[in-house]
$ cat start-v4.txt   # compact mmCIF, C-alpha atoms
# COMPACT_ATOMS: atom_id res chain seq x y z
CA MET A 1 12.59 14.63 32.47
CA SER A 2 15.86 13.54 30.83
CA ASN A 3 18.94 12.58 32.84
CA PHE A 4 20.73 15.62 31.40
CA PHE A 5 18.46 17.95 33.39
CA LEU A 6 18.48 15.69 36.46
CA MET A 7 22.26 15.45 36.76
CA PRO A 8 22.72 18.87 38.47
CA VAL A 9 20.06 17.89 41.04
CA SER A 10 21.80 14.53 41.56
CA PHE A 11 25.10 16.35 42.11
CA LEU A 12 23.56 18.59 44.79
CA TYR A 13 21.90 15.58 46.43
CA LYS A 14 25.24 13.75 46.44
CA LEU A 15 26.93 16.76 48.10
CA GLY A 16 24.24 16.82 50.79
CA VAL A 17 24.65 13.09 51.51
CA LEU A 18 28.44 13.42 51.54
CA LEU A 19 28.32 16.34 54.00
CA ARG A 20 26.00 14.44 56.32
CA HIS A 21 28.37 11.44 56.41
CA ARG A 22 31.33 13.72 57.08
CA LEU A 23 29.51 15.26 60.05
CA PHE A 24 29.13 11.76 61.53
CA ASP A 25 32.73 10.83 60.67
CA TRP A 26 34.01 14.01 62.37
CA GLY A 27 31.84 13.40 65.45
CA ILE A 28 29.77 16.55 65.00
CA LEU A 29 26.66 14.40 64.59
CA LYS A 30 26.70 11.74 67.31
CA GLN A 31 26.08 8.01 67.02
CA GLU A 32 24.55 6.14 69.93
CA LYS A 33 25.69 2.65 70.89
CA PHE A 34 23.43 0.43 72.97
CA ASP A 35 24.11 -2.21 75.59
CA ILE A 36 22.38 -4.86 73.48
CA PRO A 37 23.29 -5.78 69.88
CA VAL A 38 21.50 -4.02 67.04
CA VAL A 39 21.35 -5.76 63.65
CA CYS A 40 20.63 -3.22 60.90
CA ILE A 41 19.11 -4.35 57.60
CA GLY A 42 19.35 -1.69 54.91
CA ASN A 43 20.33 -0.80 51.37
CA ILE A 44 21.70 2.16 49.40
CA THR A 45 19.07 2.21 46.63
CA VAL A 46 15.38 3.05 46.37
CA GLY A 47 12.97 0.29 45.48
CA GLY A 48 12.48 -3.21 46.82
CA THR A 49 15.65 -5.15 47.59
CA GLY A 50 14.11 -7.65 50.00
CA LYS A 51 14.68 -5.98 53.38
CA THR A 52 11.39 -7.28 54.81
CA PRO A 53 11.92 -10.97 53.88
CA MET A 54 15.45 -10.69 55.28
CA ALA A 55 14.15 -9.17 58.53
CA GLU A 56 11.65 -12.03 58.77
CA MET A 57 14.42 -14.61 58.25
CA VAL A 58 16.65 -13.02 60.90
CA ILE A 59 13.76 -12.76 63.40
CA ALA A 60 12.69 -16.40 62.83
CA TYR A 61 16.23 -17.66 63.46
CA MET A 62 17.26 -15.35 66.29
CA ALA A 63 13.97 -15.76 68.18
CA GLN A 64 15.08 -19.32 68.99
CA ARG A 65 17.91 -17.89 71.10
CA HIS A 66 16.99 -14.29 71.91
CA HIS A 67 14.17 -11.99 72.91
CA VAL A 68 14.05 -10.13 69.60
CA ALA A 69 12.43 -6.78 68.83
CA LEU A 70 12.10 -5.01 65.48
CA ILE A 71 12.20 -1.25 65.08
CA SER A 72 11.18 0.50 61.87
CA ARG A 73 10.51 4.01 60.73
CA GLY A 74 7.08 2.83 59.58
CA TYR A 75 7.32 4.38 56.15
CA GLY A 76 4.04 5.68 54.73
CA ARG A 77 2.20 5.93 58.06
CA ARG A 78 0.18 9.03 58.85
CA THR A 79 1.30 9.12 62.51
CA LYS A 80 4.48 10.29 64.21
CA GLY A 81 6.48 9.25 67.22
CA TYR A 82 6.82 5.93 69.02
CA ILE A 83 4.05 3.35 68.52
CA GLU A 84 4.06 -0.32 69.44
CA VAL A 85 2.51 -2.44 66.69
CA THR A 86 -0.21 -4.99 67.44
CA PRO A 87 -1.74 -7.54 65.03
CA GLU A 88 -4.89 -5.38 65.06
CA SER A 89 -3.06 -2.15 64.14
CA HIS A 90 -4.02 -0.35 60.93
CA TYR A 91 -1.31 0.00 58.31
CA ARG A 92 -2.03 3.74 58.02
CA GLU A 93 -1.05 4.09 61.68
CA VAL A 94 2.08 1.90 61.74
CA GLY A 95 3.14 1.20 58.13
CA ASP A 96 2.54 -1.85 55.97
CA GLU A 97 5.83 -3.69 56.48
CA PRO A 98 5.92 -3.51 60.34
CA LEU A 99 2.31 -4.73 60.41
CA GLN A 100 3.15 -7.62 58.08
CA ILE A 101 6.03 -8.66 60.36
CA LYS A 102 3.94 -8.36 63.54
CA ARG A 103 1.20 -10.56 62.10
CA LYS A 104 3.77 -13.19 61.14
CA PHE A 105 5.57 -13.01 64.49
CA PRO A 106 2.94 -12.02 67.09
CA ASP A 107 5.32 -12.81 70.00
CA THR A 108 7.99 -10.41 68.68
CA VAL A 109 7.94 -6.80 69.89
CA VAL A 110 7.55 -4.52 66.85
CA VAL A 111 7.74 -0.74 67.22
CA VAL A 112 7.82 2.18 64.82
CA CYS A 113 9.64 5.43 65.47
CA GLU A 114 11.20 7.80 62.93
CA LYS A 115 13.96 8.64 65.45
CA ARG A 116 15.49 5.21 65.78
CA ALA A 117 17.85 5.99 68.71
CA GLU A 118 14.97 7.47 70.72
CA GLY A 119 12.81 4.49 69.79
CA ILE A 120 15.40 1.95 70.98
CA ARG A 121 15.82 3.83 74.29
CA ARG A 122 12.09 3.66 74.95
CA LEU A 123 11.92 0.06 73.76
CA ARG A 124 14.61 -0.86 76.31
CA GLN A 125 12.60 0.82 79.07
CA GLU A 126 9.27 -0.79 78.21
CA HIS A 127 10.66 -4.23 77.27
CA PRO A 128 13.75 -4.92 79.43
CA GLU A 129 13.61 -8.58 78.39
CA VAL A 130 14.63 -7.71 74.81
CA ASP A 131 18.28 -8.61 74.17
CA LEU A 132 18.49 -8.13 70.39
CA VAL A 133 17.08 -5.38 68.15
CA VAL A 134 16.60 -5.76 64.40
CA MET A 135 16.54 -2.30 62.82
CA ASP A 136 14.75 -2.13 59.48
CA ASP A 137 16.12 0.26 56.85
CA GLY A 138 18.64 2.03 59.05
CA PHE A 139 21.92 1.85 57.12
CA GLN A 140 21.87 5.59 56.32
CA HIS A 141 20.33 6.60 59.63
CA ARG A 142 23.68 6.52 61.48
CA TYR A 143 22.33 8.02 64.72
CA VAL A 144 22.35 4.38 65.89
CA GLU A 145 25.63 2.47 65.78
CA PRO A 146 24.68 -1.12 64.90
CA LYS A 147 26.61 -4.18 65.96
CA VAL A 148 26.04 -5.66 62.49
CA ASN A 149 25.12 -4.05 59.16
CA ILE A 150 23.39 -6.25 56.57
CA VAL A 151 23.13 -4.48 53.22
CA MET A 152 20.74 -5.74 50.53
CA ILE A 153 21.94 -5.42 46.93
CA ASP A 154 19.66 -5.83 43.90
CA ALA A 155 21.45 -7.96 41.28
CA THR A 156 19.27 -6.42 38.56
CA ARG A 157 20.46 -2.90 39.43
CA PRO A 158 24.27 -3.02 39.82
CA VAL A 159 25.43 -0.20 42.10
CA GLN A 160 28.61 0.33 40.07
CA HIS A 161 26.54 1.45 37.07
CA ASP A 162 23.94 3.47 38.99
CA ARG A 163 23.62 7.19 39.74
CA MET A 164 22.43 9.20 42.69
CA LEU A 165 18.80 10.29 42.96
CA PRO A 166 16.93 11.58 41.06
CA ALA A 167 18.92 10.63 37.94
CA GLY A 168 19.40 7.09 39.25
CA ASN A 169 18.34 4.80 42.10
CA LEU A 170 21.15 5.45 44.60
CA ARG A 171 20.07 7.16 47.80
CA ASP A 172 23.45 6.71 49.47
CA LEU A 173 27.08 6.73 48.38
CA PRO A 174 28.60 3.41 47.24
CA GLU A 175 31.72 4.44 49.20
CA GLN A 176 29.69 3.89 52.38
CA LEU A 177 29.53 0.15 51.67
CA HIS A 178 32.73 -0.21 53.71
CA ARG A 179 30.48 -0.07 56.81
CA ALA A 180 28.62 -3.27 55.82
CA HIS A 181 29.40 -6.61 57.43
CA TYR A 182 27.22 -8.73 55.13
CA PHE A 183 26.02 -8.19 51.57
CA ILE A 184 22.93 -10.11 50.52
CA VAL A 185 22.64 -9.96 46.74
CA THR A 186 18.99 -10.56 45.82
CA LYS A 187 17.12 -11.35 42.58
CA CYS A 188 20.03 -13.35 41.17
CA PRO A 189 19.22 -15.17 37.90
CA GLU A 190 18.90 -18.96 37.95
CA ASN A 191 21.97 -19.37 35.73
CA MET A 192 24.17 -16.68 37.30
CA ALA A 193 27.69 -17.25 35.97
CA PRO A 194 30.61 -17.61 38.42
CA ILE A 195 32.37 -14.68 36.74
CA ASP A 196 29.35 -12.43 37.48
CA ARG A 197 29.60 -13.38 41.15
CA ARG A 198 33.33 -12.62 41.18
CA ILE A 199 32.73 -9.21 39.61
CA LEU A 200 30.09 -8.36 42.23
CA ARG A 201 32.34 -9.50 45.06
CA LYS A 202 35.13 -7.31 43.73
CA VAL A 203 32.77 -4.32 43.52
CA LEU A 204 31.25 -4.81 46.98
CA VAL A 205 34.00 -6.08 49.26
CA GLN A 206 36.16 -3.23 50.56
CA VAL A 207 37.20 -4.72 53.92
CA ALA A 208 38.54 -8.23 54.56
CA TYR A 209 35.83 -9.30 57.01
CA GLN A 210 32.92 -8.52 54.66
CA ARG A 211 30.95 -11.48 53.33
CA VAL A 212 28.78 -11.74 50.22
CA TYR A 213 25.83 -14.14 49.79
CA PHE A 214 23.85 -14.64 46.60
CA THR A 215 20.12 -15.21 46.80
CA ARG A 216 16.89 -15.21 44.85
CA PHE A 217 13.27 -14.84 45.85
CA GLU A 218 11.34 -18.08 46.24
CA SER A 219 7.58 -17.95 45.80
CA PHE A 220 5.00 -20.27 47.32
CA ARG A 221 1.57 -21.11 45.99
CA PRO A 222 -0.74 -18.07 46.14
CA ARG A 223 -2.98 -18.04 49.21
CA PRO A 224 -6.53 -16.72 49.25
CA LEU A 225 -6.72 -13.35 50.98
CA PHE A 226 -10.18 -14.16 52.37
CA PRO A 227 -10.30 -17.98 52.58
CA GLU A 228 -13.83 -17.91 53.98
CA PHE A 229 -15.08 -16.52 50.66
CA VAL A 230 -13.07 -18.80 48.35
CA ASP A 231 -14.54 -22.10 47.21
CA GLU A 232 -12.03 -23.20 44.56
CA GLU A 233 -8.25 -23.52 44.30
CA LEU A 234 -6.13 -21.38 42.00
CA ASN A 235 -4.57 -23.61 39.34
CA TYR A 236 -1.32 -23.12 37.45
CA GLY A 237 -1.86 -21.73 33.97
CA GLN A 238 -4.98 -19.84 35.02
CA GLN A 239 -5.61 -16.25 33.92
CA VAL A 240 -4.49 -13.77 36.59
CA ILE A 241 -4.31 -10.03 37.10
CA ALA A 242 -1.06 -8.95 38.79
CA MET A 243 -1.49 -6.11 41.30
CA SER A 244 1.39 -4.49 43.16
CA GLY A 245 2.31 -1.39 45.12
CA ILE A 246 6.00 -2.07 45.75
CA GLY A 247 9.30 -0.46 44.81
CA ASN A 248 10.38 -2.83 42.03
CA PRO A 249 7.44 -4.96 40.81
CA GLY A 250 9.22 -6.41 37.77
CA PRO A 251 10.48 -9.65 39.40
CA PHE A 252 7.08 -10.21 41.07
CA VAL A 253 5.27 -10.01 37.72
CA GLU A 254 7.87 -12.10 35.90
CA GLY A 255 7.57 -14.76 38.59
CA LEU A 256 3.81 -14.89 38.03
CA ARG A 257 4.32 -15.26 34.28
CA ASN A 258 6.26 -18.48 34.91
CA ASN A 259 3.17 -20.19 36.34
CA TYR A 260 0.13 -18.20 35.20
CA LYS A 261 -1.26 -16.32 32.24
CA VAL A 262 -0.88 -12.67 33.30
CA ILE A 263 -3.54 -10.76 31.34
CA GLU A 264 -3.32 -7.45 33.22
CA ASP A 265 -0.47 -5.84 35.17
CA VAL A 266 -1.77 -3.18 37.58
CA ARG A 267 1.03 -1.21 39.25
CA PHE A 268 0.79 1.43 41.97
CA ASP A 269 3.50 3.43 43.71
CA ASP A 270 5.44 1.88 46.59
CA HIS A 271 3.46 1.95 49.88
CA HIS A 272 0.31 2.84 47.91
CA VAL A 273 -2.79 3.57 49.99
CA TYR A 274 -5.67 1.58 48.48
CA ARG A 275 -8.94 3.45 48.17
CA VAL A 276 -12.48 2.73 47.00
CA LYS A 277 -11.63 3.85 43.45
CA ASP A 278 -8.86 1.22 43.30
CA MET A 279 -11.30 -1.51 44.28
CA LYS A 280 -13.68 -0.29 41.59
CA LEU A 281 -10.85 -0.55 39.07
CA VAL A 282 -10.18 -4.11 40.19
CA ALA A 283 -13.89 -4.99 40.07
CA ASN A 284 -14.10 -3.66 36.49
CA LEU A 285 -11.08 -5.72 35.44
CA LEU A 286 -12.55 -8.86 36.96
CA ALA A 287 -15.85 -8.18 35.20
CA LYS A 288 -13.89 -7.85 31.95
CA HIS A 289 -12.05 -11.13 32.65
CA PRO A 290 -14.60 -13.40 34.42
CA LYS A 291 -12.19 -16.37 34.64
CA ALA A 292 -9.29 -14.40 36.12
CA ALA A 293 -8.07 -14.05 39.71
CA ILE A 294 -6.18 -11.18 41.35
CA ILE A 295 -2.70 -11.97 42.72
CA MET A 296 -0.99 -9.31 44.81
CA THR A 297 2.16 -9.11 46.89
CA GLU A 298 2.16 -9.97 50.57
CA LYS A 299 2.85 -6.32 51.44
CA ASP A 300 -0.24 -5.24 49.51
CA ALA A 301 -2.35 -7.96 51.16
CA VAL A 302 -1.72 -6.40 54.59
CA LYS A 303 -3.66 -3.34 53.42
CA MET A 304 -6.79 -5.31 52.55
CA SER A 305 -7.85 -5.84 56.15
CA HIS A 306 -11.44 -4.58 55.80
CA PRO A 307 -13.35 -7.06 53.60
CA GLU A 308 -16.61 -5.16 54.06
CA LYS A 309 -15.18 -2.37 51.89
CA ILE A 310 -14.33 -4.77 49.07
CA PRO A 311 -17.09 -6.00 46.72
CA ALA A 312 -18.05 -9.63 47.42
CA GLU A 313 -17.22 -10.75 43.88
CA VAL A 314 -13.73 -9.28 44.24
CA ARG A 315 -13.12 -10.89 47.65
CA LYS A 316 -13.69 -14.36 46.19
CA ARG A 317 -10.92 -13.89 43.63
CA MET A 318 -8.17 -12.18 45.65
CA TYR A 319 -4.91 -14.01 46.39
CA PHE A 320 -1.48 -12.99 47.65
CA LEU A 321 1.93 -14.48 46.91
CA PRO A 322 4.13 -15.24 49.95
CA ILE A 323 7.86 -15.08 49.26
CA ASN A 324 11.06 -15.75 51.11
CA ILE A 325 14.76 -15.41 50.35
CA SER A 326 16.42 -18.55 49.02
CA PHE A 327 20.22 -18.70 49.35
CA ILE A 328 22.19 -20.07 46.42
CA ASP A 329 24.54 -23.01 47.17
CA ASP A 330 22.72 -23.75 50.46
CA SER A 331 24.63 -20.94 52.18
CA GLU A 332 21.72 -19.85 54.43
CA THR A 333 22.95 -21.86 57.43
CA ASP A 334 26.46 -20.44 57.06
CA PHE A 335 25.07 -16.88 57.01
CA LEU A 336 22.77 -17.32 60.01
CA GLN A 337 25.40 -19.09 62.13
CA LYS A 338 28.01 -16.41 61.39
CA LEU A 339 25.45 -13.70 62.18
CA GLU A 340 24.71 -15.38 65.52
CA CYS A 341 28.44 -15.44 66.32
CA ASP A 342 28.71 -11.72 65.51
CA VAL A 343 25.71 -10.94 67.71
CA ARG A 344 27.14 -12.88 70.67
CA GLU A 345 30.64 -11.42 70.32
CA ASN A 346 31.60 -8.83 72.93

$ encode --input "start-v4.txt" --output "structure tokens"
Amino acid sequence: MSNFFLMPVSFLYKLGVLLRHRLFDWGILKQEKFDIPVVCIGNITVGGTGKTPMAEMVIAYMAQRHHVALISRGYGRRTKGYIEVTPESHYREVGDEPLQIKRKFPDTVVVVCEKRAEGIRRLRQEHPEVDLVVMDDGFQHRYVEPKVNIVMIDATRPVQHDRMLPAGNLRDLPEQLHRAHYFIVTKCPENMAPIDRRILRKVLVQVAYQRVYFTRFESFRPRPLFPEFVDEELNYGQQVIAMSGIGNPGPFVEGLRNNYKVIEDVRFDDHHVYRVKDMKLVANLLAKHPKAAIIMTEKDAVKMSHPEKIPAEVRKRMYFLPINISFIDDSETDFLQKLECDVREN
């Protein structure tokens, strides 16, 4: 459908979002403030901006000084209400991203609850030792008043040129960026010009205390999904099939092209639920390309927890690509130390 027909829908969506914010601003809808700091990691666009790698970075750093918990809506799960995530949880019960974080940080309390304020109240009751909550994807939620708002911005999708859903990618109003404390600009090009950074700073910063950091995703060597079935290492330059079920797979695929020969690019919707037919598709592609391996995202790998449902020949050739956020100009330490100061501030 062309943008011409979508614009009226976008206008109505924008009015609805604007009204909701006004109800919070006027105090008709109430925000809840907690007696421990809440660090919210969010964005104003649909699609992957790197919230999960950022949450992992914040947890890894803050866990050295705090008893950290993460709360998420658990997008894509088929359950409702408050659930505490365990490493053995199924992604259909708790969501793929919370499960990924729990498996990486087994000592961190991870809970899912679509009503974040209610979830934090129960979390405080059941885990009184927790003294810092990281709230995933809660910038628009507003029923919780965070101590710190970290907003992720995709450098490849400038907010100043975007439109509201469904004509564009914006799910919240750019005017709301005044509530952010930190902007983390992700997916920056290697040769990002200083003038491009200045333009973004001018667009984003609305209040004097706001800080902007420029980052890119850093990939590691692909890891076998089922190491017990793999008997050879994946070499650079090898034929690979890219498989992804994330919001913005473009950078993932382009990153693979830098090191491998991508012969197939299989894309599913964000938070895709993998079924037997998908594994048959993969098996057929591997039969067509006998020298190729499958490389998927880390979020997709979480969903492949039942090897018995995956053909043996497919298991041997499945890899996932771990990523983290790399700060440009070695500014990671500056960001984390300033965040710690904000968290400790009364």

$ residues_around --input "start-v4.txt" --residues "range 105-113 of chain A" --least-positions-apart "5" --cutoff "7 Å" --atoms "only C-alpha atoms" --output "PDB file with C-alpha atoms, keeping the file's coordinate frame"
ATOM      1  CA  VAL A  68      14.050 -10.130  69.600  1.00  0.00           C
ATOM      2  CA  ALA A  69      12.430  -6.780  68.830  1.00  0.00           C
ATOM      3  CA  LEU A  70      12.100  -5.010  65.480  1.00  0.00           C
ATOM      4  CA  ILE A  71      12.200  -1.250  65.080  1.00  0.00           C
ATOM      5  CA  SER A  72      11.180   0.500  61.870  1.00  0.00           C
ATOM      6  CA  ARG A  73      10.510   4.010  60.730  1.00  0.00           C
ATOM      7  CA  GLY A  74       7.080   2.830  59.580  1.00  0.00           C
ATOM      8  CA  GLY A  81       6.480   9.250  67.220  1.00  0.00           C
ATOM      9  CA  TYR A  82       6.820   5.930  69.020  1.00  0.00           C
ATOM     10  CA  ILE A  83       4.050   3.350  68.520  1.00  0.00           C
ATOM     11  CA  GLU A  84       4.060  -0.320  69.440  1.00  0.00           C
ATOM     12  CA  VAL A  85       2.510  -2.440  66.690  1.00  0.00           C
ATOM     13  CA  PRO A  87      -1.740  -7.540  65.030  1.00  0.00           C
ATOM     14  CA  VAL A  94       2.080   1.900  61.740  1.00  0.00           C
ATOM     15  CA  PRO A  98       5.920  -3.510  60.340  1.00  0.00           C
ATOM     16  CA  GLY A 119      12.810   4.490  69.790  1.00  0.00           C
TER      17      GLY A 119
END

$ residues_around --input "start-v4.txt" --residues "Gln337 in chain A" --least-positions-apart "4" --cutoff "12 Å" --atoms "all atoms listed in the file" --output "list in words"
Val58, Tyr61, Met62, Arg65, Ser331, Glu332, Thr333, Cys341, Asp342, Val343 and Arg344 of chain A

$ residues_around --input "start-v4.txt" --residues "Asp162 in chain A" --least-positions-apart "4" --cutoff "12 Å" --atoms "only C-alpha atoms" --output "ChimeraX atom specification"
/A:10,44-46,154-158,166-174

$ closest_residue --input "start-v4.txt" --among "A:Arg216, A:Phe183, A:Glu233, A:Leu321" --to "Arg201 in chain A" --atoms "all atoms listed in the file"
A:Phe183

$ closest_atom_pairs --input "start-v4.txt" --of "range 127-216 of chain A" --to "range 19-27 of chain A" --cutoff "12 Å" --atoms "all atoms listed in the file" --output "JSON lines"
{"residue": "A:Phe139", "atom": "CA", "partner": "A:His21", "partner_atom": "CA", "distance": 11.6}
{"residue": "A:Gln140", "atom": "CA", "partner": "A:His21", "partner_atom": "CA", "distance": 8.7}
{"residue": "A:His141", "atom": "CA", "partner": "A:His21", "partner_atom": "CA", "distance": 9.9}
{"residue": "A:Arg142", "atom": "CA", "partner": "A:Phe24", "partner_atom": "CA", "distance": 7.6}
{"residue": "A:Tyr143", "atom": "CA", "partner": "A:Phe24", "partner_atom": "CA", "distance": 8.4}
{"residue": "A:Val144", "atom": "CA", "partner": "A:Phe24", "partner_atom": "CA", "distance": 10.9}
{"residue": "A:Glu145", "atom": "CA", "partner": "A:Phe24", "partner_atom": "CA", "distance": 10.8}
{"residue": "A:Asp172", "atom": "CA", "partner": "A:His21", "partner_atom": "CA", "distance": 9.7}
{"residue": "A:Leu173", "atom": "CA", "partner": "A:His21", "partner_atom": "CA", "distance": 9.4}
{"residue": "A:Glu175", "atom": "CA", "partner": "A:His21", "partner_atom": "CA", "distance": 10.6}
{"residue": "A:Gln176", "atom": "CA", "partner": "A:His21", "partner_atom": "CA", "distance": 8.7}
{"residue": "A:Arg179", "atom": "CA", "partner": "A:His21", "partner_atom": "CA", "distance": 11.7}

$ atom_distance --input "start-v4.txt" --atom1 "CA of Pro311 in chain A" --atom2 "CA of Lys299 in chain A"
20.5 Å

$ atom_distance --input "start-v4.txt" --atom1 "CA of Leu177 in chain A" --atom2 "CA of Thr52 in chain A"
19.9 Å

$ residues_around --input "start-v4.txt" --residues "range 281-289 of chain A" --least-positions-apart "4" --cutoff "8 Å" --atoms "only C-alpha atoms" --output "ChimeraX atom specification"
/A:277,293,311,313-314

$ residues_around --input "start-v4.txt" --residues "Asp265 in chain A" --least-positions-apart "3" --cutoff "10 Å" --atoms "all atoms listed in the file" --output "PDB file with C-alpha atoms, keeping the file's coordinate frame"
ATOM      1  CA  VAL A 240      -4.490 -13.770  36.590  1.00  0.00           C
ATOM      2  CA  ILE A 241      -4.310 -10.030  37.100  1.00  0.00           C
ATOM      3  CA  ALA A 242      -1.060  -8.950  38.790  1.00  0.00           C
ATOM      4  CA  MET A 243      -1.490  -6.110  41.300  1.00  0.00           C
ATOM      5  CA  SER A 244       1.390  -4.490  43.160  1.00  0.00           C
ATOM      6  CA  PRO A 249       7.440  -4.960  40.810  1.00  0.00           C
ATOM      7  CA  VAL A 253       5.270 -10.010  37.720  1.00  0.00           C
ATOM      8  CA  VAL A 262      -0.880 -12.670  33.300  1.00  0.00           C
ATOM      9  CA  ILE A 294      -6.180 -11.180  41.350  1.00  0.00           C
ATOM     10  CA  ILE A 295      -2.700 -11.970  42.720  1.00  0.00           C
TER      11      ILE A 295
END

$ closest_residue --input "start-v4.txt" --among "A:Lys261, A:Arg221, A:Arg163, A:Lys303" --to "Asp96 in chain A" --atoms "all atoms listed in the file"
A:Lys303

$ residues_near_point --input "start-v4.txt" --point "(3.3, -12.3, 50.6)" --cutoff "7 Å" --atoms "only C-alpha atoms" --output "PyMOL selection string"
chain A and resi 297-299+320-323

$ closest_residue --input "start-v4.txt" --among "A:Gln160, A:Thr186, A:Thr215, A:Gln125" --to "Lys202 in chain A" --atoms "all atoms listed in the file"
A:Gln160

$ closest_residue --input "start-v4.txt" --among "A:Arg257, A:Lys291, A:Arg116, A:Lys187" --to "Ile328 in chain A" --atoms "only C-alpha atoms"
A:Lys187

$ closest_residue --input "start-v4.txt" --among "A:His178, A:Arg198, A:Arg124, A:Lys104" --to "His67 in chain A" --atoms "only C-alpha atoms"
A:Arg124

$ atom_distance --input "start-v4.txt" --atom1 "CA of Pro290 in chain A" --atom2 "CA of Glu232 in chain A"
14.3 Å

$ closest_residue --input "start-v4.txt" --among "A:Lys102, A:His181, A:Arg211, A:His272" --to "Arg77 in chain A" --atoms "all atoms listed in the file"
A:His272

$ build_atoms --input "start-v4.txt" --residues "range 244-249 of chain A" --atoms "all heavy atoms" --output "mmCIF file, keeping the file's coordinate frame"
data_model
loop_
_atom_site.group_PDB
_atom_site.id
_atom_site.type_symbol
_atom_site.label_atom_id
_atom_site.label_comp_id
_atom_site.auth_asym_id
_atom_site.auth_seq_id
_atom_site.Cartn_x
_atom_site.Cartn_y
_atom_site.Cartn_z
ATOM 1 N N SER A 244 0.279 -4.731 42.248
ATOM 2 C CA SER A 244 1.390 -4.490 43.160
ATOM 3 C C SER A 244 1.540 -3.012 43.465
ATOM 4 O O SER A 244 1.290 -2.160 42.614
ATOM 5 C CB SER A 244 2.701 -5.025 42.549
ATOM 6 O OG SER A 244 2.915 -4.455 41.270
ATOM 7 N N GLY A 245 1.960 -2.738 44.703
ATOM 8 C CA GLY A 245 2.310 -1.390 45.120
ATOM 9 C C GLY A 245 3.628 -1.451 45.861
ATOM 10 O O GLY A 245 3.702 -1.169 47.055
ATOM 11 N N ILE A 246 4.680 -1.885 45.149
ATOM 12 C CA ILE A 246 6.000 -2.070 45.750
ATOM 13 C C ILE A 246 7.042 -1.327 44.923
ATOM 14 O O ILE A 246 6.753 -0.833 43.838
ATOM 15 C CB ILE A 246 6.366 -3.571 45.855
ATOM 16 C CG1 ILE A 246 6.323 -4.233 44.467
ATOM 17 C CG2 ILE A 246 5.443 -4.271 46.826
ATOM 18 C CD1 ILE A 246 6.734 -5.696 44.467
ATOM 19 N N GLY A 247 8.268 -1.267 45.431
ATOM 20 C CA GLY A 247 9.300 -0.460 44.810
ATOM 21 C C GLY A 247 9.757 -0.954 43.448
ATOM 22 O O GLY A 247 9.995 -0.169 42.545
ATOM 23 N N ASN A 248 9.890 -2.271 43.289
ATOM 24 C CA ASN A 248 10.380 -2.830 42.030
ATOM 25 C C ASN A 248 9.530 -4.055 41.686
ATOM 26 O O ASN A 248 9.892 -5.194 42.007
ATOM 27 C CB ASN A 248 11.861 -3.211 42.162
ATOM 28 C CG ASN A 248 12.430 -3.770 40.869
ATOM 29 O OD1 ASN A 248 11.820 -3.667 39.807
ATOM 30 N ND2 ASN A 248 13.601 -4.387 40.955
ATOM 31 N N PRO A 249 8.380 -3.866 41.035
ATOM 32 C CA PRO A 249 7.440 -4.960 40.810
ATOM 33 C C PRO A 249 7.833 -5.918 39.689
ATOM 34 O O PRO A 249 7.200 -6.973 39.532
ATOM 35 C CB PRO A 249 6.133 -4.243 40.469
ATOM 36 C CG PRO A 249 6.565 -2.953 39.861
ATOM 37 C CD PRO A 249 7.850 -2.577 40.539
#
